[in-house]
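Note: the block below is input_14.cif and it holds mmCIF, C-alpha atoms and all ligand atoms.
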```cif
data_coords
loop_
_atom_site.group_PDB
_atom_site.id
_atom_site.type_symbol
_atom_site.label_atom_id
_atom_site.label_comp_id
_atom_site.auth_asym_id
_atom_site.auth_seq_id
_atom_site.Cartn_x
_atom_site.Cartn_y
_atom_site.Cartn_z
ATOM 1 C CA MET A 187 -7.698 253.792 11.483
ATOM 2 C CA ARG A 188 -10.962 253.089 9.635
ATOM 3 C CA SER A 189 -12.600 255.111 6.915
ATOM 4 C CA GLU A 190 -16.139 256.386 7.219
ATOM 5 C CA ALA A 191 -17.097 253.532 4.902
ATOM 6 C CA GLY A 192 -15.959 251.006 7.471
ATOM 7 C CA LEU A 193 -12.938 249.759 5.572
ATOM 8 C CA PRO A 194 -9.652 249.687 7.411
ATOM 9 C CA VAL A 195 -6.998 252.080 6.115
ATOM 10 C CA PRO A 196 -3.672 250.296 6.499
ATOM 11 C CA ALA A 197 -0.677 252.526 5.817
ATOM 12 C CA PRO A 198 1.145 251.784 2.548
ATOM 13 C CA SER A 199 4.826 250.862 2.490
ATOM 14 C CA PRO A 200 6.416 253.202 -0.052
ATOM 15 C CA THR A 201 9.502 252.074 -1.927
ATOM 16 C CA ALA A 202 11.993 254.223 -3.818
ATOM 17 C CA GLU A 203 9.820 253.715 -6.920
ATOM 18 C CA THR A 204 6.519 254.597 -5.229
ATOM 19 C CA ALA A 205 7.509 257.251 -2.659
ATOM 20 C CA GLU A 206 6.478 260.112 -4.967
ATOM 21 C CA PHE A 207 3.153 258.425 -5.721
ATOM 22 C CA TRP A 208 2.314 257.945 -2.040
ATOM 23 C CA ALA A 209 3.458 261.459 -1.124
ATOM 24 C CA ALA A 210 0.945 262.742 -3.687
ATOM 25 C CA THR A 211 -1.949 260.660 -2.355
ATOM 26 C CA ALA A 212 -1.313 262.229 1.055
ATOM 27 C CA ARG A 213 -1.910 265.610 -0.656
ATOM 28 C CA GLY A 214 -5.107 264.336 -2.301
ATOM 29 C CA THR A 215 -3.559 263.898 -5.740
ATOM 30 C CA LEU A 216 -3.368 260.790 -7.901
ATOM 31 C CA LEU A 217 -0.131 260.747 -9.875
ATOM 32 C CA LEU A 218 0.634 258.326 -12.683
ATOM 33 C CA PRO A 219 3.980 257.688 -14.335
ATOM 34 C CA ARG A 220 4.012 258.256 -18.109
ATOM 35 C CA CYS A 221 6.752 257.273 -20.496
ATOM 36 C CA ASP A 222 8.427 260.285 -22.131
ATOM 37 C CA GLU A 223 9.306 258.180 -25.181
ATOM 38 C CA CYS A 224 6.089 256.333 -26.084
ATOM 39 C CA SER A 225 3.506 258.066 -23.833
ATOM 40 C CA THR A 226 2.395 254.804 -22.221
ATOM 41 C CA VAL A 227 0.789 255.499 -18.856
ATOM 42 C CA ILE A 228 2.362 253.002 -16.470
ATOM 43 C CA TRP A 229 0.816 251.072 -13.619
ATOM 44 C CA TYR A 230 2.016 250.038 -11.008
ATOM 45 C CA PRO A 231 4.463 252.963 -10.537
ATOM 46 C CA ARG A 232 7.969 252.063 -11.655
ATOM 47 C CA VAL A 233 10.969 253.863 -13.036
ATOM 48 C CA PHE A 234 11.044 252.302 -16.489
ATOM 49 C CA CYS A 235 8.477 251.812 -19.223
ATOM 50 C CA PRO A 236 7.246 248.214 -19.568
ATOM 51 C CA ALA A 237 6.163 248.954 -23.162
ATOM 52 C CA CYS A 238 9.430 250.264 -24.619
ATOM 53 C CA GLY A 239 12.031 249.920 -21.882
ATOM 54 C CA SER A 240 12.698 253.653 -21.671
ATOM 55 C CA GLN A 241 13.937 254.961 -18.354
ATOM 56 C CA THR A 242 12.656 258.482 -18.933
ATOM 57 C CA VAL A 243 9.357 258.499 -17.092
ATOM 58 C CA SER A 244 7.513 261.572 -15.794
ATOM 59 C CA TRP A 245 4.668 261.955 -13.339
ATOM 60 C CA ILE A 246 1.345 263.249 -14.584
ATOM 61 C CA GLU A 247 -1.653 264.198 -12.482
ATOM 62 C CA ALA A 248 -4.566 261.858 -13.161
ATOM 63 C CA SER A 249 -8.105 263.161 -13.469
ATOM 64 C CA GLY A 250 -9.215 260.708 -10.810
ATOM 65 C CA ARG A 251 -12.057 259.598 -13.046
ATOM 66 C CA GLY A 252 -12.647 256.128 -14.388
ATOM 67 C CA ILE A 253 -15.128 253.314 -14.766
ATOM 68 C CA ILE A 254 -15.566 249.996 -13.016
ATOM 69 C CA TYR A 255 -13.931 247.461 -15.347
ATOM 70 C CA SER A 256 -14.732 244.490 -13.133
ATOM 71 C CA PHE A 257 -15.477 243.909 -9.490
ATOM 72 C CA THR A 258 -16.234 241.299 -6.912
ATOM 73 C CA VAL A 259 -17.872 241.522 -3.516
ATOM 74 C CA ALA A 260 -15.675 240.158 -0.767
ATOM 75 C CA ARG A 261 -17.900 238.299 1.653
ATOM 76 C CA ARG A 262 -15.068 237.427 3.978
ATOM 77 C CA GLY A 263 -12.193 239.814 4.607
ATOM 78 C CA MET A 264 -8.611 238.826 5.264
ATOM 79 C CA GLY A 265 -5.925 240.387 7.438
ATOM 80 C CA PRO A 266 -6.821 243.977 8.343
ATOM 81 C CA TYR A 267 -10.049 243.590 6.311
ATOM 82 C CA LYS A 268 -11.257 240.701 8.480
ATOM 83 C CA ASP A 269 -14.209 242.619 9.966
ATOM 84 C CA ALA A 270 -14.969 244.829 6.948
ATOM 85 C CA ALA A 271 -16.934 242.419 4.728
ATOM 86 C CA PRO A 272 -18.933 242.705 2.615
ATOM 87 C CA TYR A 273 -16.949 245.199 0.547
ATOM 88 C CA ALA A 274 -16.209 245.730 -3.124
ATOM 89 C CA VAL A 275 -12.857 244.901 -4.703
ATOM 90 C CA ALA A 276 -12.669 246.299 -8.214
ATOM 91 C CA TYR A 277 -10.498 246.970 -11.197
ATOM 92 C CA VAL A 278 -11.099 250.577 -12.130
ATOM 93 C CA GLU A 279 -10.083 251.629 -15.624
ATOM 94 C CA LEU A 280 -8.749 255.162 -15.358
ATOM 95 C CA GLU A 281 -9.379 257.786 -18.021
ATOM 96 C CA GLU A 282 -5.629 257.710 -18.632
ATOM 97 C CA GLY A 283 -5.773 253.989 -19.454
ATOM 98 C CA PRO A 284 -4.401 251.887 -16.600
ATOM 99 C CA ARG A 285 -6.623 249.427 -14.764
ATOM 100 C CA ILE A 286 -5.925 249.588 -11.090
ATOM 101 C CA MET A 287 -7.050 247.307 -8.296
ATOM 102 C CA THR A 288 -8.903 249.199 -5.599
ATOM 103 C CA ASN A 289 -11.983 249.313 -3.423
ATOM 104 C CA VAL A 290 -15.237 251.010 -4.411
ATOM 105 C CA VAL A 291 -16.743 252.555 -1.307
ATOM 106 C CA ASP A 292 -19.769 254.510 -0.106
ATOM 107 C CA ASP A 293 -22.238 252.247 -1.899
ATOM 108 C CA ASP A 294 -23.975 248.959 -1.229
ATOM 109 C CA PRO A 295 -21.503 246.640 -3.013
ATOM 110 C CA GLY A 296 -24.479 244.806 -4.514
ATOM 111 C CA SER A 297 -25.578 247.986 -6.332
ATOM 112 C CA LEU A 298 -22.349 248.398 -8.297
ATOM 113 C CA GLU A 299 -22.240 247.681 -12.018
ATOM 114 C CA VAL A 300 -19.516 247.168 -14.585
ATOM 115 C CA GLY A 301 -19.102 250.387 -16.572
ATOM 116 C CA MET A 302 -20.262 252.607 -13.713
ATOM 117 C CA PRO A 303 -18.391 255.934 -13.618
ATOM 118 C CA VAL A 304 -16.345 256.387 -10.470
ATOM 119 C CA GLN A 305 -14.027 258.995 -9.045
ATOM 120 C CA VAL A 306 -11.075 258.740 -6.716
ATOM 121 C CA VAL A 307 -11.314 259.460 -3.007
ATOM 122 C CA PHE A 308 -8.489 259.418 -0.512
ATOM 123 C CA HIS A 309 -8.696 257.766 2.886
ATOM 124 C CA ASP A 310 -6.303 259.111 5.495
ATOM 125 C CA THR A 311 -4.311 256.393 7.234
ATOM 126 C CA GLY A 312 -3.687 258.660 10.229
ATOM 127 C CA GLU A 313 0.036 258.125 9.666
ATOM 128 C CA GLY A 314 0.763 260.900 7.171
ATOM 129 C CA SER A 315 -0.355 258.913 4.141
ATOM 130 C CA ALA A 316 -3.568 258.107 2.326
ATOM 131 C CA LEU A 317 -5.024 255.256 0.288
ATOM 132 C CA TYR A 318 -6.726 255.778 -3.065
ATOM 133 C CA ARG A 319 -10.209 254.348 -3.351
ATOM 134 C CA PHE A 320 -13.129 255.087 -5.620
ATOM 135 C CA ARG A 321 -16.783 255.903 -5.268
ATOM 136 C CA ARG A 322 -19.683 256.396 -7.642
ATOM 137 C CA ALA A 323 -19.147 259.555 -9.687
ATOM 138 C CA GLY A 324 -21.730 262.283 -9.754
ATOM 139 C CA GLY A 325 -23.972 262.897 -6.781
ATOM 140 C CA GLY A 326 -24.499 266.341 -5.430
ATOM 141 C CA ASP A 327 -21.199 267.031 -3.736
ATOM 142 C CA ARG A 328 -18.657 267.441 -6.516
HETATM 143 ZN ZN ZN B 401 7.652 253.764 -23.341
#
```

Rewrite the coordinates I just gave you, this time as C-alpha cells.
Amino acid sequence: MRSEAGLPVPAPSPTAETAEFWAATARGTLLLPRCDECSTVIWYPRVFCPACGSQTVSWIEASGRGIIYSFTVARRGMGPYKDAAPYAVAYVELEEGPRIMTNVVDDDPGSLEVGMPVQVVFHDTGEGSALYRFRRAGGGDR
C-alpha cells in the first residue's frame, strides 16, 4: 500500500517491546515510553531505561509535535522505497525530547529546513497497522 505522498507503507514487525507502541499508531496515537524513576523519555521503545537501568517504564501520549533536527533527501530509494525517490529522511526532535528517524512528507523535500516545526501523521499500512511520519506543522487543516 502507498500513502497519498507516494511513499510505500510497509507494515512494521512489532516485537514484545514494541507491540503496544504499534497498536497505538494504528489508533492514530504516538506513545513514548518514559522512565518512572528518572523521567527520561526513551526511544526506541524498550522495557528498561537506558539512562538509569530502571525497569519501571510507563507509556505516555506524545504531543506529536517536533522540529526537523536534520534531514537528507534520498535521491535513490532502496527496497520497498525503490520507486519513491526523491523523498525526505529526517531526524525529528520531539517536544518530549527523543530524536526519531522518520520521513517528512507532503512537501517538496527541497523546501524543508532544519528547525522547521512538524507534526506527526499516520499512514495506514492496510494491514491493521500504521507508520508514523511527519509533515510541516501549521497549514489550514489542523
Ligand atoms: Zn531512568

Give me the chain A side of the contact with ligand ZN 401 (chain B), cut-off 7 Å, one line per residue showing its nearest atom pair and distance in Å at one decimal, counting all atoms listed in the file, sorted by chain and residue number, as a Markdown table.
```
| residue | atom | partner | partner_atom | distance |
| --- | --- | --- | --- | --- |
| A:Cys221 | CA | B:ZN401 | ZN | 4.6 |
| A:Asp222 | CA | B:ZN401 | ZN | 6.7 |
| A:Glu223 | CA | B:ZN401 | ZN | 5.1 |
| A:Cys224 | CA | B:ZN401 | ZN | 4.1 |
| A:Ser225 | CA | B:ZN401 | ZN | 6.0 |
| A:Thr226 | CA | B:ZN401 | ZN | 5.5 |
| A:Cys235 | CA | B:ZN401 | ZN | 4.6 |
| A:Pro236 | CA | B:ZN401 | ZN | 6.7 |
| A:Ala237 | CA | B:ZN401 | ZN | 5.0 |
| A:Cys238 | CA | B:ZN401 | ZN | 4.1 |
| A:Gly239 | CA | B:ZN401 | ZN | 6.0 |
| A:Ser240 | CA | B:ZN401 | ZN | 5.3 |
```

Take the PyMOL selection byres (((chain A and resi 203) around 8) and not hetatm), run it mentally on this structure, and tell me the resulting residues as an mmCIF file with C-alpha atoms, in the frame of the given file.
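Listing of out10.cif after writing:
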```cif
data_model
loop_
_atom_site.group_PDB
_atom_site.id
_atom_site.type_symbol
_atom_site.label_atom_id
_atom_site.label_comp_id
_atom_site.auth_asym_id
_atom_site.auth_seq_id
_atom_site.Cartn_x
_atom_site.Cartn_y
_atom_site.Cartn_z
ATOM 1 C CA PRO A 200 6.416 253.202 -0.052
ATOM 2 C CA THR A 201 9.502 252.074 -1.927
ATOM 3 C CA ALA A 202 11.993 254.223 -3.818
ATOM 4 C CA THR A 204 6.519 254.597 -5.229
ATOM 5 C CA ALA A 205 7.509 257.251 -2.659
ATOM 6 C CA GLU A 206 6.478 260.112 -4.967
ATOM 7 C CA PRO A 231 4.463 252.963 -10.537
ATOM 8 C CA ARG A 232 7.969 252.063 -11.655
ATOM 9 C CA VAL A 233 10.969 253.863 -13.036
#
```

Taking the file as shown, find all residues satisfying the PyMOL selection byres (((chain A and resi 298) around 10) and not hetatm) and write them as a PyMOL selection string. chain A and resi 254+256-259+274+276+290-291+293-297+299-302+321-322

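In terms of minimum interatomic distance to Ala270 of chain A, A:Asn289 ranks closest within A:Glu282, A:Asn289, A:Leu216, A:His309, counting all atoms listed in the file.
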
Can you give me, as a list in words, the residues this file yields under the PyMOL selection byres (((chain A and resi 242-252) around 6) and not hetatm)? Leu216, Leu217, Leu218, Pro219, Arg220, Cys221, Asp222, Ser240, Gln241, Ile253, Glu279, Leu280, Glu281, Pro303, Val304, Gln305 and Val306 of chain A

Selection from above, C-alpha atoms, as a CSV table (one decimal), in the coordinates of the input, can you write it?
```csv
chain,number,residue,atom,x,y,z
A,216,LEU,CA,-3.4,260.8,-7.9
A,217,LEU,CA,-0.1,260.7,-9.9
A,218,LEU,CA,0.6,258.3,-12.7
A,219,PRO,CA,4.0,257.7,-14.3
A,220,ARG,CA,4.0,258.3,-18.1
A,221,CYS,CA,6.8,257.3,-20.5
A,222,ASP,CA,8.4,260.3,-22.1
A,240,SER,CA,12.7,253.7,-21.7
A,241,GLN,CA,13.9,255.0,-18.4
A,253,ILE,CA,-15.1,253.3,-14.8
A,279,GLU,CA,-10.1,251.6,-15.6
A,280,LEU,CA,-8.7,255.2,-15.4
A,281,GLU,CA,-9.4,257.8,-18.0
A,303,PRO,CA,-18.4,255.9,-13.6
A,304,VAL,CA,-16.3,256.4,-10.5
A,305,GLN,CA,-14.0,259.0,-9.0
A,306,VAL,CA,-11.1,258.7,-6.7
```

So, with all atoms listed in the file as the atoms that count, which of A:Ile228, A:Met287, A:Ala323, A:Ala271 lies closest to Val307 of chain A? A:Ala323

Compile a residue-level contact table for segment 254-313 of chain A against segment 194-199 of chain A at a cut-off of 9 Å, reporting for every qualifying residue the shortest atom pair and its distance in Å to one decimal, with all atoms listed in the file counted, rows ordered by chain and ascending number, as CSV.
```
residue,atom,partner,partner_atom,distance
A:Pro266,CA,A:Pro194,CA,6.4
A:Tyr267,CA,A:Pro194,CA,6.2
A:Asp269,CA,A:Pro194,CA,8.8
A:Ala270,CA,A:Pro194,CA,7.2
A:His309,CA,A:Val195,CA,6.8
A:Asp310,CA,A:Val195,CA,7.1
A:Thr311,CA,A:Val195,CA,5.2
A:Gly312,CA,A:Ala197,CA,8.1
A:Glu313,CA,A:Ala197,CA,6.8
```

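Between Tyr273 of chain A and the candidates A:Tyr318, A:Ala210, A:Tyr255, A:Asp292, the tightest atom-to-atom separation, counting all atoms listed in the file, involves A:Asp292.
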
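Closest approach to Thr288 of chain A among A:Arg262, A:Arg319, A:Pro272, A:Gly314 is made by A:Arg319 (distances from all atoms listed in the file).
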
Enclosing box along x, y and z for every listed atom of segment 225-234 of chain A, padded 5 Å each side, centre and size in Å, one decimal, as AutoDock Vina command-line options:
```
--center_x 5.9 --center_y 254.1 --center_z -17.2 --size_x 20.3 --size_y 18.0 --size_z 23.3
```

To one decimal place in Å, what is the distance between atom CA of Tyr230 of chain A and atom CA of Ile286 of chain A? 8.0 Å
